[in-house]
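Asker: What follows is my_file_0.cif, mmCIF, C-alpha atoms.
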```cif
data_structure
#
loop_
_atom_site.label_atom_id
_atom_site.label_comp_id
_atom_site.auth_asym_id
_atom_site.auth_seq_id
_atom_site.Cartn_x
_atom_site.Cartn_y
_atom_site.Cartn_z
CA GLU W 1 7.99 -10.58 8.65
CA PRO W 2 11.54 -9.17 9.12
CA VAL W 3 9.93 -5.85 10.09
CA ILE W 4 7.62 -7.63 12.52
CA ASP W 5 10.58 -9.38 14.12
CA VAL W 6 11.95 -5.97 15.12
CA LEU W 7 8.67 -4.29 16.09
CA LYS W 8 7.37 -7.14 18.27
CA HIS W 9 9.96 -6.40 20.95
CA ARG W 10 8.37 -3.02 21.54
CA PHE W 11 4.75 -3.25 20.40
CA HIS W 12 1.81 -5.62 20.41
CA VAL W 13 1.91 -6.55 16.71
CA VAL W 14 -1.06 -8.18 15.00
CA THR W 15 -1.02 -9.53 11.44
CA TYR W 16 -3.64 -11.51 9.56
CA ASP W 17 -4.04 -13.43 6.30
CA VAL W 18 -6.29 -11.38 4.01
CA ARG W 19 -9.17 -13.10 2.28
CA GLY W 20 -8.05 -15.60 -0.34
CA CYS W 21 -4.51 -15.89 1.05
CA GLY W 22 -2.68 -18.07 3.55
CA GLU W 23 -5.05 -19.82 5.91
CA SER W 24 -8.01 -17.52 5.21
CA SER W 25 -11.02 -18.72 3.23
CA GLU W 26 -11.44 -18.13 -0.50
CA PRO W 27 -14.49 -16.11 -1.60
CA GLY W 28 -16.14 -17.35 -4.76
CA TRP W 29 -16.73 -14.10 -6.62
CA VAL W 30 -14.34 -11.48 -7.96
CA TRP W 31 -16.33 -8.66 -6.32
CA ASP W 32 -15.82 -10.30 -2.94
CA TYR W 33 -12.30 -8.79 -3.17
CA SER W 34 -13.50 -5.19 -3.49
CA LEU W 35 -11.97 -2.53 -1.27
CA PRO W 36 -15.07 -2.09 0.96
CA ARG W 37 -15.05 -5.85 1.69
CA LEU W 38 -11.33 -5.74 2.50
CA SER W 39 -11.93 -2.79 4.81
CA SER W 40 -14.66 -4.74 6.59
CA ASP W 41 -12.16 -7.54 7.19
CA LEU W 42 -9.66 -5.13 8.73
CA GLN W 43 -12.36 -3.67 10.96
CA ALA W 44 -13.32 -7.17 12.12
CA VAL W 45 -9.71 -7.84 13.12
CA MET W 46 -9.49 -4.49 14.90
CA ARG W 47 -12.66 -5.21 16.88
CA ALA W 48 -11.36 -8.66 17.84
CA VAL W 49 -7.85 -7.70 19.00
CA CYS W 50 -8.23 -4.07 20.11
CA PRO W 51 -11.90 -3.21 20.62
CA THR W 52 -11.48 0.01 22.61
CA GLN W 53 -8.19 1.72 21.72
CA PRO W 54 -7.06 3.24 18.40
CA VAL W 55 -4.56 1.16 16.42
CA HIS W 56 -1.48 2.04 14.38
CA LEU W 57 -1.57 0.59 10.88
CA VAL W 58 1.47 -0.38 8.81
CA ALA W 59 1.11 -1.85 5.33
CA HIS W 60 3.03 -2.61 2.14
CA ASP W 61 2.02 -3.08 -1.51
CA TRP W 62 -1.56 -4.39 -1.83
CA GLY W 63 -1.82 -4.37 1.95
CA SER W 64 -1.25 -0.63 1.71
CA ILE W 65 -3.65 -0.12 -1.20
CA GLN W 66 -6.49 -1.78 0.66
CA THR W 67 -5.70 -0.10 3.98
CA TRP W 68 -6.19 3.35 2.41
CA GLU W 69 -9.87 2.39 2.13
CA SER W 70 -10.14 2.31 5.93
CA VAL W 71 -7.85 5.27 6.58
CA THR W 72 -9.97 7.50 4.31
CA ASP W 73 -13.25 6.35 5.89
CA HIS W 74 -14.40 9.19 8.17
CA ARG W 75 -16.31 6.70 10.31
CA LEU W 76 -13.02 5.11 11.40
CA LYS W 77 -10.96 8.23 12.20
CA SER W 78 -11.28 7.65 15.95
CA ARG W 79 -10.09 4.04 15.57
CA ILE W 80 -6.87 4.74 13.63
CA ALA W 81 -4.04 6.51 15.43
CA SER W 82 -1.55 6.54 12.54
CA TYR W 83 -0.82 4.93 9.20
CA THR W 84 2.55 4.04 7.68
CA THR W 85 2.15 3.22 3.99
CA ILE W 86 4.84 1.61 1.83
CA SER W 87 4.65 1.21 -1.95
CA GLY W 88 0.88 1.11 -2.12
CA PRO W 89 -1.08 4.25 -3.12
CA CYS W 90 -4.79 4.90 -2.75
CA LEU W 91 -6.38 3.92 -6.06
CA ASP W 92 -8.88 6.78 -5.85
CA HIS W 93 -6.02 9.26 -5.40
CA VAL W 94 -4.24 7.75 -8.40
CA GLY W 95 -7.42 7.89 -10.48
CA ALA W 96 -7.95 11.55 -9.61
CA TRP W 97 -4.32 12.35 -10.51
CA MET W 98 -4.62 10.58 -13.85
CA ARG W 99 -7.90 12.24 -14.75
CA LYS W 100 -6.69 15.71 -13.84
CA GLY W 101 -3.40 15.16 -15.65
CA LEU W 102 -5.03 13.99 -18.88
CA VAL W 103 -7.76 16.64 -18.88
CA GLU W 104 -6.04 19.71 -17.43
CA GLY W 105 -2.33 18.92 -17.53
CA ASP W 106 0.31 20.32 -19.84
CA PHE W 107 2.30 18.15 -22.24
CA LYS W 108 4.79 17.15 -19.55
CA THR W 109 2.04 16.11 -17.13
CA LYS W 110 0.17 14.16 -19.81
CA SER W 111 3.43 12.40 -20.67
CA LYS W 112 3.87 11.36 -17.04
CA VAL W 113 0.37 9.88 -16.92
CA LEU W 114 0.81 8.03 -20.21
CA GLY W 115 4.23 6.85 -19.09
CA GLN W 116 2.72 5.44 -15.89
CA LEU W 117 0.01 3.66 -17.88
CA ALA W 118 2.70 2.06 -20.04
CA HIS W 119 4.67 1.20 -16.91
CA SER W 120 1.59 -0.60 -15.51
CA TRP W 121 0.92 -2.81 -18.55
CA TYR W 122 0.54 -5.87 -16.32
CA ILE W 123 -2.61 -4.42 -14.73
CA ALA W 124 -4.36 -4.65 -18.10
CA ALA W 125 -3.12 -8.22 -18.50
CA PHE W 126 -4.54 -9.11 -15.10
CA GLN W 127 -8.04 -8.20 -16.32
CA LEU W 128 -8.05 -11.22 -18.63
CA PRO W 129 -10.04 -14.04 -16.97
CA PHE W 130 -7.64 -16.96 -17.49
CA LEU W 131 -4.17 -15.67 -18.39
CA ALA W 132 -2.77 -14.52 -15.04
CA PRO W 133 -4.33 -17.28 -12.85
CA SER W 134 -3.07 -19.88 -15.31
CA ALA W 135 0.47 -18.52 -15.03
CA TRP W 136 0.46 -19.17 -11.28
CA LYS W 137 -0.97 -22.65 -11.78
CA LEU W 138 1.56 -23.55 -14.48
CA GLY W 139 4.68 -22.85 -12.46
CA LEU W 140 4.99 -19.16 -11.60
CA ASP W 141 4.44 -20.05 -7.94
CA LYS W 142 7.58 -22.21 -7.89
CA ALA W 143 9.58 -19.73 -9.98
CA TRP W 144 8.60 -16.71 -7.85
CA PRO W 145 11.47 -16.82 -5.31
CA GLY W 146 13.99 -17.08 -8.15
CA LEU W 147 12.40 -14.15 -9.99
CA LEU W 148 12.62 -11.99 -6.88
CA ARG W 149 16.22 -13.01 -6.39
CA LYS W 150 17.03 -12.04 -9.98
CA THR W 151 15.02 -8.81 -10.24
CA GLU W 152 15.08 -7.49 -6.66
CA ASN W 153 18.31 -9.03 -5.36
CA PHE W 154 17.04 -10.69 -2.19
CA ASP W 155 16.29 -14.25 -1.13
CA ALA W 156 12.58 -14.78 -0.56
CA GLU W 157 11.46 -17.65 1.62
CA ILE W 158 9.33 -20.37 0.05
CA ASN W 159 5.64 -19.68 0.69
CA PRO W 160 3.65 -22.93 0.92
CA THR W 161 0.44 -21.18 -0.22
CA GLN W 162 2.07 -19.18 -3.05
CA ARG W 163 -0.06 -20.72 -5.81
CA LYS W 164 -3.30 -20.03 -3.97
CA ASP W 165 -2.17 -16.56 -2.98
CA GLY W 166 -1.16 -15.72 -6.55
CA VAL W 167 -4.33 -17.02 -8.18
CA ASN W 168 -6.64 -15.28 -5.72
CA GLY W 169 -4.52 -12.16 -5.61
CA ILE W 170 -5.38 -11.48 -9.26
CA ASN W 171 -8.93 -10.79 -8.06
CA LEU W 172 -7.67 -7.73 -6.19
CA TYR W 173 -6.73 -6.17 -9.52
CA ARG W 174 -9.89 -7.27 -11.32
CA ALA W 175 -12.25 -6.09 -8.59
CA ASN W 176 -10.67 -2.70 -7.92
CA MET W 177 -8.35 -1.27 -10.56
CA LEU W 178 -10.72 -0.24 -13.34
CA PRO W 179 -13.61 0.92 -11.10
CA ARG W 180 -11.37 3.09 -8.94
CA LEU W 181 -9.09 4.47 -11.66
CA THR W 182 -11.94 5.34 -14.02
CA ARG W 183 -14.43 6.53 -11.37
CA PRO W 184 -12.33 7.84 -8.47
CA ARG W 185 -14.06 8.86 -5.28
CA ILE W 186 -12.97 11.80 -3.12
CA ARG W 187 -11.15 10.11 -0.22
CA LYS W 188 -9.68 12.48 2.37
CA THR W 189 -8.20 11.83 5.80
CA SER W 190 -6.93 13.67 8.86
CA VAL W 191 -5.13 10.56 10.20
CA PRO W 192 -1.35 11.12 10.56
CA ILE W 193 0.21 9.48 7.49
CA GLN W 194 3.81 8.42 7.04
CA LEU W 195 4.94 7.67 3.49
CA ILE W 196 7.95 5.38 3.22
CA VAL W 197 9.20 5.79 -0.33
CA PRO W 198 11.73 3.36 -1.87
CA THR W 199 13.16 5.59 -4.60
CA GLU W 200 14.22 2.61 -6.75
CA ASP W 201 10.79 0.95 -6.75
CA ASN W 202 10.21 -0.63 -10.18
CA TYR W 203 6.43 -0.76 -9.74
CA VAL W 204 5.22 2.27 -7.77
CA THR W 205 6.55 5.51 -9.24
CA LEU W 206 6.87 8.83 -7.43
CA PRO W 207 3.79 10.42 -9.11
CA LEU W 208 1.68 7.57 -7.73
CA VAL W 209 3.13 8.05 -4.25
CA GLU W 210 2.53 11.81 -4.39
CA SER W 211 -1.05 11.45 -5.67
CA CYS W 212 -2.22 11.50 -2.04
CA TYR W 213 -0.91 15.02 -1.36
CA PRO W 214 -4.19 16.92 -2.03
CA PHE W 215 -6.19 14.54 0.16
CA VAL W 216 -4.09 14.18 3.33
CA LYS W 217 -3.94 16.86 6.02
CA ARG W 218 -1.08 15.48 8.12
CA LEU W 219 1.69 13.90 6.09
CA TRP W 220 5.33 12.92 6.62
CA ARG W 221 7.59 11.35 4.01
CA ARG W 222 10.80 9.31 4.27
CA ASP W 223 12.76 8.40 1.16
CA ILE W 224 15.22 5.53 1.06
CA LYS W 225 17.42 4.24 -1.73
CA ALA W 226 15.88 0.79 -2.03
CA GLY W 227 13.63 -1.28 -4.25
CA HIS W 228 10.00 -2.32 -3.92
CA TRP W 229 10.75 -5.01 -1.33
CA VAL W 230 12.26 -2.57 1.15
CA VAL W 231 10.43 -4.40 3.95
CA GLN W 232 12.76 -7.32 3.29
CA THR W 233 16.00 -5.59 2.39
CA GLN W 234 15.87 -2.69 4.90
CA ALA W 235 13.67 -4.20 7.61
CA GLU W 236 15.40 -2.61 10.61
CA TRP W 237 15.32 0.86 9.04
CA VAL W 238 11.61 0.46 8.23
CA ALA W 239 10.86 -0.76 11.77
CA ASN W 240 12.74 2.15 13.34
CA SER W 241 10.85 4.60 11.12
CA VAL W 242 7.56 3.06 12.21
CA SER W 243 8.58 3.19 15.86
CA GLU W 244 9.46 6.87 15.72
CA PHE W 245 6.20 7.74 13.99
CA VAL W 246 4.06 5.69 16.37
CA GLU W 247 5.77 7.34 19.33
CA PHE W 248 4.98 10.75 17.87
CA ALA W 249 1.35 9.82 17.22
CA GLU W 250 0.98 8.57 20.78
CA THR W 251 2.66 11.48 22.59
CA GLY W 252 2.42 14.41 20.18
CA ARG W 253 6.14 15.05 20.64
CA GLU W 254 7.71 15.47 17.21
CA THR W 255 11.45 14.85 17.07
CA PRO W 256 13.57 17.34 15.09
CA SER W 257 14.37 14.62 12.54
CA LEU W 258 10.67 13.86 12.04
CA ALA W 259 9.78 17.54 11.79
CA LYS W 260 12.05 17.82 8.75
CA LEU W 261 9.97 15.18 7.01
CA ARG W 262 6.65 17.04 7.09
CA VAL W 263 5.46 17.13 3.49
CA ILE W 264 4.11 20.68 3.61
CA ASP W 265 7.59 21.84 4.59
CA LEU W 266 9.24 19.70 1.93
CA ILE W 267 7.00 21.21 -0.75
CA ALA W 268 7.78 24.73 0.47
CA GLN W 269 11.51 24.01 0.34
CA ALA W 270 11.23 22.62 -3.19
CA ALA W 271 9.28 25.70 -4.32
CA ALA W 272 11.93 27.98 -2.81
#
```
Hey, can you dump this file as structure tokens for me?

Answerer:
Amino acid sequence: EPVIDVLKHRFHVVTYDVRGCGESSEPGWVWDYSLPRLSSDLQAVMRAVCPTQPVHLVAHDWGSIQTWESVTDHRLKSRIASYTTISGPCLDHVGAWMRKGLVEGDFKTKSKVLGQLAHSWYIAAFQLPFLAPSAWKLGLDKAWPGLLRKTENFDAEINPTQRKDGVNGINLYRANMLPRLTRPRIRKTSVPIQLIVPTEDNYVTLPLVESCYPFVKRLWRRDIKAGHWVVQTQAEWVANSVSEFVEFAETGRETPSLAKLRVIDLIAQAAA
């Protein structure tokens, strides 16, 4: 919301509660939270609020993970003008990176994959039917703002639907993680993509962020020294980055500062 507060003075900004959260309804089955269903929801919102013109998408965390499903859908390429993704990789890209690393990678690459799996221990815990939902019901919802204050060093506002959001949010992991990581699909896109990368993110590591490289034709990357909740702690910087990228996508005029962020150029510089 701090990012929205900046962007709304320049753009027509639309947000919505995803299924199971906020004021949206709660589907009854785990598979109702699958990525194709979440993409259908986004498309419904797009048709309702902007039926004729392409839209610019901006998303963070699980919002970003699920938005990749639409961005990599070739049927929607004319409807999406740009995509800014923050701390939320495409699960199919991550699955492909892990599989290639474990099968074809050298010792160092295999170590990175295994290290990431160890880093993501909580994903395995979320597969258990009762453990994670029970934690939210037994007090994690009330403790959440304090945990964020302690671990991420910012004051989160109290969310009146936090318990519901937490309980239902577990279904996102259960419906999508194992199918996509173990059976990744080839998901490519020609949509202009902007990666905003908080380099001190405790949850999304750089290999996960960079897993999209083989699948994206037009890619720009901005790094910032910040944690996972950069949308809260560096809201104005994030909003300004979005504004510059949207302006470029609309006009085709790439500023010198943005040109330096093209990933193909960054890779060439690193190789040199």

Asker: I'd like the neighbourhood of W:Pro179 as a ChimeraX atom specification, where a residue qualifies if any of its atoms comes within 12 Å (using all atoms listed in the file), though same-chain residues fewer than 4 positions away should be ignored.

Answerer: /W:31,34-35,91-92,94-95,127,172-175,183-185

Asker: Selected by the PyMOL selection byres ((chain W and resi 23) around 12) in the shown coordinates: which residues, as a CSV table (one decimal) with C-alpha atoms, in the coordinates of the input?

Answerer:
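Wrote it out as expr-v1.csv, contents follow:
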```
chain,number,residue,atom,x,y,z
W,16,TYR,CA,-3.6,-11.5,9.6
W,17,ASP,CA,-4.0,-13.4,6.3
W,18,VAL,CA,-6.3,-11.4,4.0
W,19,ARG,CA,-9.2,-13.1,2.3
W,20,GLY,CA,-8.0,-15.6,-0.3
W,21,CYS,CA,-4.5,-15.9,1.0
W,22,GLY,CA,-2.7,-18.1,3.6
W,24,SER,CA,-8.0,-17.5,5.2
W,25,SER,CA,-11.0,-18.7,3.2
W,26,GLU,CA,-11.4,-18.1,-0.5
W,159,ASN,CA,5.6,-19.7,0.7
W,160,PRO,CA,3.6,-22.9,0.9
W,161,THR,CA,0.4,-21.2,-0.2
W,162,GLN,CA,2.1,-19.2,-3.0
W,164,LYS,CA,-3.3,-20.0,-4.0
W,165,ASP,CA,-2.2,-16.6,-3.0
```

Asker: Do a neighbour search on stretch 110-116 of chain W at 9 Å with all atoms listed in the file, toss out local chain neighbours closer than 3 positions, and write the hits as a PyMOL selection string.

Answerer: chain W and resi 97-99+101-107+119-121+205+207-208

Asker: Return the single residue from W:Ser190, W:Glu1, W:Gln53, W:Ser257 that is closest to W:Val13, with distances computed using all atoms listed in the file.

Answerer: W:Glu1

Asker: One decimal, Å: what's the distance from atom CA of W:Lys260 over to atom CA of W:Arg79, could you say?

Answerer: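 A separation of 27.0 Å between them.
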
Asker: What's around stretch 214-217 of chain W at 9 Å? Count all atoms listed in the file, leave out sequence neighbours fewer than 3 positions away in its own chain, and write the answer as a list of chain:residue names.

Answerer: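 What passes the distance filter is W:Thr72, W:His93, W:Ile186, W:Arg187, W:Lys188, W:Thr189, W:Ser190, W:Val191, W:Pro192, W:Ile193, W:Glu210, W:Ser211.
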